[in-house]
Protein chains: 2
Amino acid sequence: MSAAEEKNTKSAEPRSGRLSRFASRLLAEWKRLSLPLKDERVIIGVSGGADSVALLLALDELLEAGRLGLSLTVAHLDHGLRTSSPEDARWVEALTHRLGYEFRLERARVKELALNGRDNLEQAARRARYEFLSRLSMEKGEARVVLTAHTLDDQAETVLLRLLRGSGAEGLAGIEPVRALDGQSNVLLARPLLGWARRSQTEEYCRARHAEFRLDEMNEDEAFARVRVRKRLLPLMESFNPRVVETLARTARLLREDAQALDKLASLLLDEARALSAAGVCALRVEVLAGAPSGLCRRALRLWLAEERGDLRRLEMVHLMALERLLAGERGGRVVELPGGAKVSRSRGKLFFHAKGVENGGDHD
Amino acid sequence: MSAAEEKNTKSAEPRSGRLSRFASRLLAEWKRLSLPLKDERVIIGVSGGADSVALLLALDELLEAGRLGLSLTVAHLDHGLRTSSPEDARWVEALTHRLGYEFRLERARVKELALNGRDNLEQAARRARYEFLSRLSMEKGEARVVLTAHTLDDQAETVLLRLLRGSGAEGLAGIEPVRALDGQSNVLLARPLLGWARRSQTEEYCRARHAEFRLDEMNEDEAFARVRVRKRLLPLMESFNPRVVETLARTARLLREDAQALDKLASLLLDEARALSAAGVCALRVEVLAGAPSGLCRRALRLWLAEERGDLRRLEMVHLMALERLLAGERGGRVVELPGGAKVSRSRGKLFFHAKGVENGGDHD
């Protein structure tokens with residue numbers, strides 16, 4: 001029996017017409033996030049774990065019930081990290097065909113990517129996944145939305161990992177429910193489970209739909225900080241507050257809104273501070289920046305450096321704090337050196353950016 | 001031998017003239033916080049624990065070395081919670097007299113305060129302590145600064161307790177290093193150990209000064225969430241990041257700066273939104289608020305409610321979110337009810353505050 005026939009058979013089954021609670025909540029969140037309801041192609045990343053299988057099945061439920069009118073492409077990246085990974089890929093492919101959707105597979109050599117690059121294994125796997133999804137969305141000119149199945153639990157784990165690492169509001173804001181997939185396209189990356197679904201609910205929903213899901217042994221390996229957060233830190237925190245996962249996700253949302261407000265205002269502050277020097281070089285007026293609250297000033301400086309350097313790579317809080325001291329005039333010197341060789345100098349009430357190798361930028365010790 | 005004689009004896013001891021590292025760091029922080037260097041009376045709360053004893057001894061070291069020129073009053077509140085508490089009070093009194101400073105004692109019945117009021121035991125104890133310090137500072141017209149010995153560890157514990165409870169940036173900003181002691185006076189409440197001293201360092205410094213300190217068995221009682229944070233949660237988090245206490249304190253500082261920036265901007269937004277209605281009632285223009293980023297709008301609403309109601313008692317995030325829906329026009333109704341009976345209504349593009357019992361404020365169901 002072909003996939004299309006299976007699909008037809010499945011559609012012909014008697015259906016109650018009532019949505020499951022899981023699918024209803026997905027639909028409510030889908031609308032809240034203003035995701036397209038019909039006539040669009042949507043790409044969904046499916047690893048085979050309970051979260052992504054539940055998202056796929058719930059979308060299938062909404063499509064079958066006529067509550068959404070979208071075309072689905074299921075994307076699976078075989079990370080090549082485990083001997084069982086080709087099996088996972090075949091399993092996701094079979095499920096996808098049984099449901100009657102398009103399936104796309106790619107194989108990556110994440111271990112080699114991690115060895116050759118600056119990423120660790122988790123980062124390299126993550127980068128490979130998003131690059132695959134990005135390529136797919138561009139290849140399919142019509143796909144405007146890419147979905148991943150991050151849950152409330154992922155959000156709480158991310159917030160705690162960033163708290164342990166020492167992030168400010170940006171980091172503690174956690175995973176965004178919707179963002180641009182990358183700088184080059186208009187494709188949205190959306191996480192429609194992030195705001196409400198617990199991992200236990202995705203497992204329950206899979207069971208209720210009589211669907212298997214794959215277990216990833218990396219999710220059990222306590223060599224990974226994320227696994228220790230899940231298996232040790234969160235359970236201890238639940239002994240203080242049984243709803244700590246929801247609580248952390250809510251805090252992330254509040255901090256995300258704060259960071260967004262501050263970023264917007266910092267961009268206005270930066271525009272106000274810009275001044276053309278005699279030589280036509282863009283500089284920043286110290287008096288404008290120094291008069292602003294510290295939280296705003298620091299963000300304006302970061303925005304400025306991102307523009308001037310092209311990125312924020314290796315820029316740490318210590319560098320921003322050195323710039324703040326430069327603004328306050330607290331420092332003997334009038335130059336702050338940035339990682340990678342660029343510098344910022346203060347002269348006649350203005351800050352100047354010097355790219356690496358440009359103006360006294362190459363010969364310092 | 002009288003206290004004054006003891007003091008004289010002690011001053012006559014040969015002194016190296018070099019400050020201990022602990023006292024040097026205290027002096028650096030003292031200057032960073034712009035606390036007065038001389039000719040002022042300072043009140044210091046001393047429980048008898050290592051933190052407050054170390055702060056007292058380090059101030060004594062700085063005074064003896066002539067690096068500060070202040071008058072000290074040592075204040076001890078006997079909470080009456082433990083059978084050993086009168087003994088603690090006598091111990092702090094003896095230490096204070098040996099050092100040659102003024103000693104003030106008060107006894108509170110914290111258990112009764114907690115039973116009669118809405119506070120739990122910890123809250124009632126805290127309230128009694130600050131009320132005692134506040135009374136002392138007012139009685140001594142000349143005392144402009146009150147000190148408590150909160151450390152980096154207290155800051156980390158506070159941040160985690162608030163995280164567990166679900167605070168936004170204001171809560172996660174933790175304990176402030178300097179703030180007004182209360183609304184009625186110009187007295188500063190300062191925590192000169194908060195930004196740098198670990199609890200282990202206060203204990204070390206006490207030992208180096210051959211000083212005893214008292215142990216508070218409530219600090220060992222895991223019935224208190226703070227004790228469980230200290231004895232279980234923080235050690236687990238240190239297994240991820242050995243400097244997690246410092247890391248949490250730094251995050252608190254970043255979030256405090258963000259919250260301060262947002263509060264300042266929210267106050268400007270509120271002023272911009274104010275409009276006099278025909279009846280001379282102060283209202284807020286919806287278009288001004290609704291156009292602002294959410295993090296800012298919510299703070300402006302909170303400021304406004306604090307002004308109109310006199311306080312923010314029992315006001316929760318749900319009420320602010322209901323007001324935001326009112327602004328967005330998402331709600332069927334045009335009225336939001338606040339705890340305690342006051343209301344906010346929306347009419348002709350403006351928000352109006354209705355105190356309890358004023359205008360349709362008493363007879364709703």
# chains A, B, ... in the order shown; residues from 1 in each chain; ligands from 1

$ calpha_fit_and_write --fixed "chain A" --moving "chain B" --output "compact mmCIF listing (two decimals) with C-alpha atoms, in the first residue's frame"
# COMPACT_ATOMS: atom_id res chain seq x y z
CA MET B 1 0.18 -0.06 0.15
CA SER B 2 1.69 3.27 -0.87
CA ALA B 3 1.94 6.26 1.45
CA ALA B 4 -0.82 8.03 -0.44
CA GLU B 5 -3.12 5.03 -0.10
CA GLU B 6 -2.35 4.80 3.62
CA LYS B 7 -3.21 8.45 3.95
CA ASN B 8 -6.52 7.91 2.19
CA THR B 9 -7.34 4.95 4.38
CA LYS B 10 -6.57 6.99 7.48
CA SER B 11 -8.70 9.94 6.37
CA ALA B 12 -11.60 7.60 5.78
CA GLU B 13 -11.56 6.47 9.42
CA PRO B 14 -14.47 7.82 11.42
CA ARG B 15 -13.35 10.92 13.33
CA SER B 16 -15.13 12.43 16.26
CA GLY B 17 -14.59 15.95 14.96
CA ARG B 18 -13.48 16.99 18.45
CA LEU B 19 -9.88 17.99 18.78
CA SER B 20 -7.67 16.47 21.46
CA ARG B 21 -6.72 18.87 24.23
CA PHE B 22 -3.11 18.81 23.00
CA ALA B 23 -4.08 19.81 19.45
CA SER B 24 -6.48 22.50 20.74
CA ARG B 25 -3.74 24.09 22.79
CA LEU B 26 -1.36 23.91 19.84
CA LEU B 27 -3.96 25.67 17.67
CA ALA B 28 -4.51 28.39 20.30
CA GLU B 29 -0.75 29.02 20.53
CA TRP B 30 -0.46 28.89 16.72
CA LYS B 31 -2.97 31.75 16.49
CA ARG B 32 -1.38 33.66 19.39
CA LEU B 33 1.95 33.57 17.55
CA SER B 34 0.18 34.75 14.34
CA LEU B 35 1.50 31.78 12.35
CA PRO B 36 -0.12 31.25 8.92
CA LEU B 37 -3.36 29.23 8.96
CA LYS B 38 -3.42 28.10 5.34
CA ASP B 39 -1.89 28.11 1.87
CA GLU B 40 1.68 27.91 3.12
CA ARG B 41 4.37 25.25 3.24
CA VAL B 42 5.76 24.62 6.71
CA ILE B 43 8.95 22.69 7.44
CA ILE B 44 9.08 20.75 10.70
CA GLY B 45 12.26 19.33 12.18
CA VAL B 46 11.53 15.83 13.53
CA SER B 47 14.22 13.92 15.43
CA GLY B 48 11.90 11.09 16.35
CA GLY B 49 11.78 12.03 20.04
CA ALA B 50 8.44 12.48 21.83
CA ASP B 51 8.42 16.28 21.45
CA SER B 52 8.83 16.45 17.69
CA VAL B 53 6.66 13.40 17.06
CA ALA B 54 3.89 14.96 19.18
CA LEU B 55 4.17 18.24 17.26
CA LEU B 56 3.97 16.39 13.95
CA LEU B 57 0.98 14.29 15.07
CA ALA B 58 -0.87 17.31 16.48
CA LEU B 59 -0.34 19.26 13.26
CA ASP B 60 -1.61 16.22 11.40
CA GLU B 61 -4.68 16.21 13.68
CA LEU B 62 -5.33 19.90 12.91
CA LEU B 63 -4.81 19.38 9.18
CA GLU B 64 -7.08 16.33 9.12
CA ALA B 65 -9.75 18.24 11.01
CA GLY B 66 -9.50 21.07 8.53
CA ARG B 67 -8.45 23.56 11.21
CA LEU B 68 -5.22 24.30 9.37
CA GLY B 69 -4.66 24.19 5.61
CA LEU B 70 -0.91 23.88 5.23
CA SER B 71 1.58 21.70 3.34
CA LEU B 72 4.06 19.95 5.62
CA THR B 73 7.64 18.91 4.93
CA VAL B 74 9.21 16.73 7.60
CA ALA B 75 12.97 17.28 7.89
CA HIS B 76 15.27 14.85 9.68
CA LEU B 77 18.99 15.34 10.16
CA ASP B 78 20.95 12.19 10.84
CA HIS B 79 23.77 13.48 13.08
CA GLY B 80 25.77 10.31 12.59
CA LEU B 81 26.59 10.31 16.32
CA ARG B 82 25.03 6.98 17.26
CA THR B 83 25.00 3.58 15.65
CA SER B 84 21.22 3.63 15.85
CA SER B 85 20.85 6.90 13.97
CA PRO B 86 20.17 5.43 10.50
CA GLU B 87 17.41 3.41 12.16
CA ASP B 88 15.92 6.62 13.65
CA ALA B 89 15.96 8.19 10.20
CA ARG B 90 14.12 5.21 8.68
CA TRP B 91 11.63 5.30 11.53
CA VAL B 92 10.82 9.01 11.03
CA GLU B 93 10.60 8.44 7.28
CA ALA B 94 8.11 5.60 7.75
CA LEU B 95 5.97 7.67 10.12
CA THR B 96 6.02 10.63 7.73
CA HIS B 97 4.97 8.49 4.79
CA ARG B 98 2.24 6.82 6.81
CA LEU B 99 0.87 10.29 7.60
CA GLY B 100 1.26 11.27 3.96
CA TYR B 101 3.72 14.14 4.12
CA GLU B 102 6.91 14.98 2.29
CA PHE B 103 10.11 13.68 3.92
CA ARG B 104 13.59 15.17 3.61
CA LEU B 105 16.69 13.54 5.04
CA GLU B 106 20.24 14.77 5.34
CA ARG B 107 23.29 13.17 6.90
CA ALA B 108 25.90 15.22 8.77
CA ARG B 109 29.22 14.23 10.29
CA VAL B 110 28.77 16.21 13.49
CA LYS B 111 31.76 14.66 15.24
CA GLU B 112 34.08 15.80 12.46
CA LEU B 113 32.46 19.23 12.36
CA ALA B 114 33.08 19.56 16.11
CA LEU B 115 36.70 18.39 15.79
CA ASN B 116 37.47 20.77 12.92
CA GLY B 117 35.59 23.81 14.23
CA ARG B 118 35.37 25.77 17.45
CA ASP B 119 32.08 24.18 18.48
CA ASN B 120 31.61 21.41 20.99
CA LEU B 121 29.52 18.40 20.05
CA GLU B 122 26.19 19.91 21.14
CA GLN B 123 26.91 23.21 19.40
CA ALA B 124 28.04 21.50 16.20
CA ALA B 125 24.89 19.33 16.17
CA ARG B 126 22.71 22.38 16.72
CA ARG B 127 24.45 24.35 14.00
CA ALA B 128 24.15 21.47 11.52
CA ARG B 129 20.40 21.13 12.25
CA TYR B 130 19.64 24.81 11.74
CA GLU B 131 21.78 25.00 8.60
CA PHE B 132 19.88 22.05 7.18
CA LEU B 133 16.52 23.68 8.00
CA SER B 134 17.71 26.97 6.56
CA ARG B 135 18.88 25.32 3.29
CA LEU B 136 15.58 23.47 2.99
CA SER B 137 13.55 26.64 3.50
CA MET B 138 15.56 28.49 0.86
CA GLU B 139 15.37 25.62 -1.60
CA LYS B 140 11.62 25.56 -1.12
CA GLY B 141 11.03 29.17 -2.03
CA GLU B 142 7.54 28.87 -0.67
CA ALA B 143 8.35 27.80 2.93
CA ARG B 144 7.95 30.82 5.18
CA VAL B 145 7.88 28.94 8.48
CA VAL B 146 10.22 26.39 10.05
CA LEU B 147 9.10 24.64 13.24
CA THR B 148 11.00 23.04 16.07
CA ALA B 149 9.38 21.19 18.97
CA HIS B 150 11.03 22.90 21.97
CA THR B 151 8.89 22.58 25.10
CA LEU B 152 8.51 24.38 28.42
CA ASP B 153 11.08 21.92 29.79
CA ASP B 154 13.63 22.95 27.14
CA GLN B 155 12.98 26.58 28.07
CA ALA B 156 13.51 25.96 31.80
CA GLU B 157 16.71 23.99 31.11
CA THR B 158 18.02 26.75 28.87
CA VAL B 159 17.30 29.44 31.47
CA LEU B 160 19.10 27.45 34.16
CA LEU B 161 22.11 26.67 31.94
CA ARG B 162 22.44 30.37 31.16
CA LEU B 163 21.98 31.30 34.81
CA LEU B 164 24.79 28.89 35.71
CA ARG B 165 26.94 30.47 33.02
CA GLY B 166 26.25 34.03 34.22
CA SER B 167 24.03 35.55 31.55
CA GLY B 168 22.26 38.87 31.89
CA ALA B 169 18.68 39.50 30.80
CA GLU B 170 19.32 38.55 27.15
CA GLY B 171 20.52 35.08 28.07
CA LEU B 172 17.95 34.47 30.79
CA ALA B 173 15.27 35.45 28.27
CA GLY B 174 15.81 31.92 26.99
CA ILE B 175 14.53 30.51 23.71
CA GLU B 176 12.37 32.81 21.60
CA PRO B 177 8.96 31.47 20.55
CA VAL B 178 9.31 33.12 17.12
CA ARG B 179 12.35 34.64 15.48
CA ALA B 180 13.90 35.11 12.06
CA LEU B 181 15.57 31.83 11.04
CA ASP B 182 18.65 33.68 9.87
CA GLY B 183 19.77 37.05 8.62
CA GLN B 184 19.45 36.19 4.93
CA SER B 185 15.81 35.22 4.57
CA ASN B 186 12.32 36.16 5.69
CA VAL B 187 11.71 32.68 7.04
CA LEU B 188 10.36 32.46 10.59
CA LEU B 189 11.63 29.92 13.08
CA ALA B 190 8.70 29.14 15.37
CA ARG B 191 8.38 26.95 18.50
CA PRO B 192 4.66 26.44 19.01
CA LEU B 193 5.10 24.07 22.01
CA LEU B 194 7.54 26.32 23.89
CA GLY B 195 4.96 28.46 25.68
CA TRP B 196 2.76 25.74 27.15
CA ALA B 197 3.71 22.07 26.60
CA ARG B 198 5.55 20.00 29.17
CA ARG B 199 7.65 17.09 27.93
CA SER B 200 5.38 14.73 29.86
CA GLN B 201 2.44 16.04 27.81
CA THR B 202 4.16 15.30 24.51
CA GLU B 203 4.78 11.74 25.68
CA GLU B 204 1.19 11.37 26.82
CA TYR B 205 -0.10 12.68 23.51
CA CYS B 206 2.09 10.27 21.56
CA ARG B 207 0.73 7.38 23.64
CA ALA B 208 -2.85 8.60 23.20
CA ARG B 209 -2.25 8.59 19.44
CA HIS B 210 -0.77 5.06 19.74
CA ALA B 211 2.47 6.39 18.31
CA GLU B 212 5.90 5.22 19.29
CA PHE B 213 8.73 7.67 19.75
CA ARG B 214 12.48 7.17 19.75
CA LEU B 215 14.65 7.52 22.84
CA ASP B 216 17.91 9.38 22.42
CA GLU B 217 20.55 7.96 24.74
CA MET B 218 22.37 11.31 24.63
CA ASN B 219 19.39 12.61 26.60
CA GLU B 220 20.47 10.28 29.40
CA ASP B 221 24.20 11.00 29.32
CA GLU B 222 25.13 13.05 32.38
CA ALA B 223 28.34 14.13 30.68
CA PHE B 224 26.10 16.84 29.19
CA ALA B 225 25.30 19.76 31.50
CA ARG B 226 21.78 19.94 30.04
CA VAL B 227 21.11 16.35 31.07
CA ARG B 228 22.35 17.03 34.63
CA VAL B 229 20.11 20.11 34.78
CA ARG B 230 17.16 17.96 33.72
CA LYS B 231 17.87 14.96 35.92
CA ARG B 232 19.29 16.62 39.05
CA LEU B 233 18.86 20.39 39.27
CA LEU B 234 15.24 20.71 38.11
CA PRO B 235 13.97 17.88 40.37
CA LEU B 236 15.63 19.57 43.37
CA MET B 237 14.09 22.90 42.40
CA GLU B 238 10.69 21.21 42.07
CA SER B 239 10.97 20.28 45.76
CA PHE B 240 10.76 24.05 46.44
CA ASN B 241 8.16 24.85 43.79
CA PRO B 242 6.38 22.00 41.98
CA ARG B 243 5.65 24.35 39.07
CA VAL B 244 9.21 25.61 38.76
CA VAL B 245 9.40 24.74 35.04
CA GLU B 246 6.41 26.95 34.25
CA THR B 247 7.77 29.59 36.65
CA LEU B 248 11.15 29.72 34.90
CA ALA B 249 9.48 29.94 31.50
CA ARG B 250 7.37 32.87 32.73
CA THR B 251 10.44 34.66 34.09
CA ALA B 252 12.14 34.14 30.74
CA ARG B 253 9.20 35.81 29.02
CA LEU B 254 9.27 38.80 31.39
CA LEU B 255 13.01 39.23 30.91
CA ARG B 256 12.63 38.87 27.14
CA GLU B 257 10.12 41.71 27.15
CA ASP B 258 12.45 43.83 29.28
CA ALA B 259 15.38 43.13 26.95
CA GLN B 260 13.27 43.98 23.90
CA ALA B 261 12.20 47.29 25.49
CA LEU B 262 15.79 48.14 26.37
CA ASP B 263 17.08 47.18 22.91
CA LYS B 264 14.52 49.43 21.27
CA LEU B 265 15.44 52.34 23.55
CA ALA B 266 19.16 51.65 23.20
CA SER B 267 18.83 51.94 19.45
CA LEU B 268 17.20 55.38 19.88
CA LEU B 269 19.98 56.39 22.29
CA LEU B 270 22.61 55.26 19.79
CA ASP B 271 21.02 57.36 17.05
CA GLU B 272 20.96 60.34 19.38
CA ALA B 273 24.63 59.85 20.26
CA ARG B 274 25.89 59.57 16.67
CA ALA B 275 27.94 62.49 15.45
CA LEU B 276 29.99 63.06 12.33
CA SER B 277 33.56 64.02 13.10
CA ALA B 278 35.43 66.55 10.98
CA ALA B 279 36.93 63.72 8.92
CA GLY B 280 33.49 62.31 8.18
CA VAL B 281 34.07 59.39 10.56
CA CYS B 282 31.06 58.33 12.56
CA ALA B 283 31.67 58.78 16.28
CA LEU B 284 29.54 58.77 19.42
CA ARG B 285 29.07 61.76 21.69
CA VAL B 286 30.19 60.88 25.21
CA GLU B 287 27.81 63.29 26.95
CA VAL B 288 24.74 61.61 25.43
CA LEU B 289 25.85 58.09 26.42
CA ALA B 290 27.21 58.96 29.85
CA GLY B 291 23.91 60.62 30.81
CA ALA B 292 21.89 57.46 30.11
CA PRO B 293 21.18 54.69 32.65
CA SER B 294 23.86 52.01 32.66
CA GLY B 295 21.61 49.20 31.39
CA LEU B 296 20.75 51.31 28.35
CA CYS B 297 24.21 52.70 27.69
CA ARG B 298 25.77 49.22 27.65
CA ARG B 299 23.23 48.00 25.11
CA ALA B 300 23.79 51.04 22.89
CA LEU B 301 27.55 50.37 22.96
CA ARG B 302 26.97 46.75 22.07
CA LEU B 303 24.74 47.71 19.13
CA TRP B 304 27.38 50.16 17.93
CA LEU B 305 30.17 47.58 18.15
CA ALA B 306 28.03 45.03 16.29
CA GLU B 307 27.60 47.56 13.48
CA GLU B 308 31.25 48.57 13.39
CA ARG B 309 32.83 45.15 13.82
CA GLY B 310 30.20 43.20 11.91
CA ASP B 311 29.58 40.86 14.87
CA LEU B 312 29.94 40.57 18.63
CA ARG B 313 32.29 37.58 18.58
CA ARG B 314 34.35 37.18 21.78
CA LEU B 315 33.00 40.46 23.11
CA GLU B 316 32.51 39.98 26.85
CA MET B 317 30.99 42.01 29.65
CA VAL B 318 34.51 43.11 30.71
CA HIS B 319 34.96 44.94 27.40
CA LEU B 320 31.64 46.75 27.75
CA MET B 321 32.54 47.68 31.31
CA ALA B 322 35.90 49.02 30.13
CA LEU B 323 34.03 51.17 27.60
CA GLU B 324 31.77 52.42 30.38
CA ARG B 325 34.85 53.45 32.37
CA LEU B 326 36.12 55.21 29.28
CA LEU B 327 32.81 57.10 29.14
CA ALA B 328 33.02 57.96 32.83
CA GLY B 329 36.60 59.15 32.32
CA GLU B 330 37.71 56.86 35.16
CA ARG B 331 40.54 55.30 33.20
CA GLY B 332 44.01 56.64 32.87
CA GLY B 333 44.20 55.54 29.25
CA ARG B 334 41.90 56.80 26.55
CA VAL B 335 41.80 53.60 24.53
CA VAL B 336 40.01 50.28 25.06
CA GLU B 337 41.27 47.28 23.13
CA LEU B 338 38.70 44.81 21.88
CA PRO B 339 39.25 41.12 21.18
CA GLY B 340 40.45 40.59 17.63
CA GLY B 341 42.49 43.79 17.45
CA ALA B 342 39.93 46.59 17.05
CA LYS B 343 39.98 49.53 19.47
CA VAL B 344 37.78 52.29 20.77
CA SER B 345 39.34 55.61 21.68
CA ARG B 346 37.97 58.66 23.42
CA SER B 347 38.92 62.08 22.16
CA ARG B 348 37.35 65.54 22.55
CA GLY B 349 34.12 64.24 24.01
CA LYS B 350 33.63 61.52 21.40
CA LEU B 351 34.18 57.77 21.10
CA PHE B 352 35.86 56.52 17.91
CA PHE B 353 35.99 52.98 16.58
CA HIS B 354 39.23 51.78 14.98
CA ALA B 355 39.09 48.58 13.00
CA LYS B 356 42.00 46.16 13.31
CA GLY B 357 45.05 47.40 11.48
CA VAL B 358 43.53 50.80 10.73
CA GLU B 359 45.07 53.84 12.52
CA ASN B 360 47.51 52.73 15.20
CA GLY B 361 45.66 49.42 15.19
CA GLY B 362 48.44 47.05 14.17
CA ASP B 363 51.56 47.98 16.03
CA HIS B 364 50.58 48.02 19.67
CA ASP B 365 52.10 45.55 22.07

$ select_by_dssp --residues "segment 151-356 of chain B" --states "alpha helix (DSSP H)" --output "number ranges by chain"
B: 152-165, 169-172, 199-208, 225-228, 234-238, 244-273, 286-290, 294-309, 317-328

$ select_by_dssp --residues "segment 113-221 of chain A" --states "strand (DSSP E or B)" --output "PyMOL selection string"
chain A and resi 143-147+178-180+188-190

$ write_last_selection --atoms "N, CA, C and O atoms" --output "JSON list (two decimals), in the first residue's frame"
[["chain", "number", "residue", "atom", "x", "y", "z"],
["A", 143, "ALA", "N", 8.29, 27.98, 1.44],
["A", 143, "ALA", "CA", 8.19, 27.73, 2.88],
["A", 143, "ALA", "C", 8.54, 28.99, 3.67],
["A", 143, "ALA", "O", 9.66, 29.46, 3.62],
["A", 144, "ARG", "N", 7.57, 29.53, 4.38],
["A", 144, "ARG", "CA", 7.79, 30.74, 5.15],
["A", 144, "ARG", "C", 7.99, 30.46, 6.62],
["A", 144, "ARG", "O", 8.34, 31.34, 7.39],
["A", 145, "VAL", "N", 7.69, 29.23, 7.03],
["A", 145, "VAL", "CA", 7.75, 28.90, 8.45],
["A", 145, "VAL", "C", 8.49, 27.57, 8.66],
["A", 145, "VAL", "O", 8.20, 26.59, 7.96],
["A", 146, "VAL", "N", 9.42, 27.57, 9.59],
["A", 146, "VAL", "CA", 10.11, 26.35, 10.01],
["A", 146, "VAL", "C", 9.78, 26.14, 11.48],
["A", 146, "VAL", "O", 9.80, 27.08, 12.27],
["A", 147, "LEU", "N", 9.44, 24.90, 11.84],
["A", 147, "LEU", "CA", 9.02, 24.61, 13.22],
["A", 147, "LEU", "C", 10.03, 23.72, 13.92],
["A", 147, "LEU", "O", 10.55, 22.77, 13.33],
["A", 178, "VAL", "N", 9.15, 32.84, 18.51],
["A", 178, "VAL", "CA", 9.21, 33.10, 17.07],
["A", 178, "VAL", "C", 10.36, 34.05, 16.81],
["A", 178, "VAL", "O", 10.50, 35.06, 17.51],
["A", 179, "ARG", "N", 11.19, 33.71, 15.83],
["A", 179, "ARG", "CA", 12.24, 34.65, 15.42],
["A", 179, "ARG", "C", 12.54, 34.42, 13.94],
["A", 179, "ARG", "O", 12.10, 33.43, 13.36],
["A", 180, "ALA", "N", 13.31, 35.33, 13.34],
["A", 180, "ALA", "CA", 13.77, 35.12, 11.97],
["A", 180, "ALA", "C", 14.72, 33.93, 11.97],
["A", 180, "ALA", "O", 15.56, 33.81, 12.87],
["A", 188, "LEU", "N", 10.36, 32.41, 9.08],
["A", 188, "LEU", "CA", 10.22, 32.43, 10.54],
["A", 188, "LEU", "C", 10.59, 31.08, 11.12],
["A", 188, "LEU", "O", 10.23, 30.04, 10.56],
["A", 189, "LEU", "N", 11.31, 31.12, 12.25],
["A", 189, "LEU", "CA", 11.52, 29.91, 13.03],
["A", 189, "LEU", "C", 10.56, 29.99, 14.20],
["A", 189, "LEU", "O", 10.64, 30.92, 15.01],
["A", 190, "ALA", "N", 9.63, 29.04, 14.29],
["A", 190, "ALA", "CA", 8.61, 29.11, 15.33],
["A", 190, "ALA", "C", 8.65, 27.86, 16.21],
["A", 190, "ALA", "O", 8.92, 26.76, 15.73]]

$ decode --residues "segment 47-59 of chain B" --atoms "N, CA and C atoms" --output "tab-separated table (two decimals), in the first residue's frame"
chain	number	residue	atom	x	y	z
B	47	SER	N	24.24	40.87	64.66
B	47	SER	CA	23.51	39.74	65.25
B	47	SER	C	24.44	38.93	66.14
B	48	GLY	N	25.73	38.97	65.80
B	48	GLY	CA	26.69	38.11	66.48
B	48	GLY	C	27.18	36.99	65.57
B	49	GLY	N	26.59	36.86	64.39
B	49	GLY	CA	27.06	35.89	63.40
B	49	GLY	C	28.35	36.37	62.76
B	50	ALA	N	29.01	35.47	62.01
B	50	ALA	CA	30.33	35.79	61.45
B	50	ALA	C	30.28	37.03	60.55
B	51	ASP	N	29.20	37.19	59.76
B	51	ASP	CA	29.16	38.29	58.80
B	51	ASP	C	29.17	39.65	59.51
B	52	SER	N	28.27	39.80	60.49
B	52	SER	CA	28.17	41.11	61.12
B	52	SER	C	29.35	41.37	62.07
B	53	VAL	N	29.86	40.30	62.67
B	53	VAL	CA	31.04	40.48	63.53
B	53	VAL	C	32.23	40.89	62.67
B	54	ALA	N	32.38	40.26	61.49
B	54	ALA	CA	33.49	40.61	60.60
B	54	ALA	C	33.36	42.06	60.13
B	55	LEU	N	32.15	42.49	59.82
B	55	LEU	CA	31.96	43.88	59.38
B	55	LEU	C	32.34	44.85	60.50
B	56	LEU	N	31.90	44.51	61.72
B	56	LEU	CA	32.22	45.37	62.86
B	56	LEU	C	33.74	45.43	63.08
B	57	LEU	N	34.39	44.26	63.06
B	57	LEU	CA	35.84	44.22	63.31
B	57	LEU	C	36.62	44.93	62.21
B	58	ALA	N	36.16	44.80	60.96
B	58	ALA	CA	36.88	45.45	59.86
B	58	ALA	C	36.70	46.96	59.92
B	59	LEU	N	35.52	47.41	60.32
B	59	LEU	CA	35.32	48.86	60.50
B	59	LEU	C	36.22	49.35	61.63
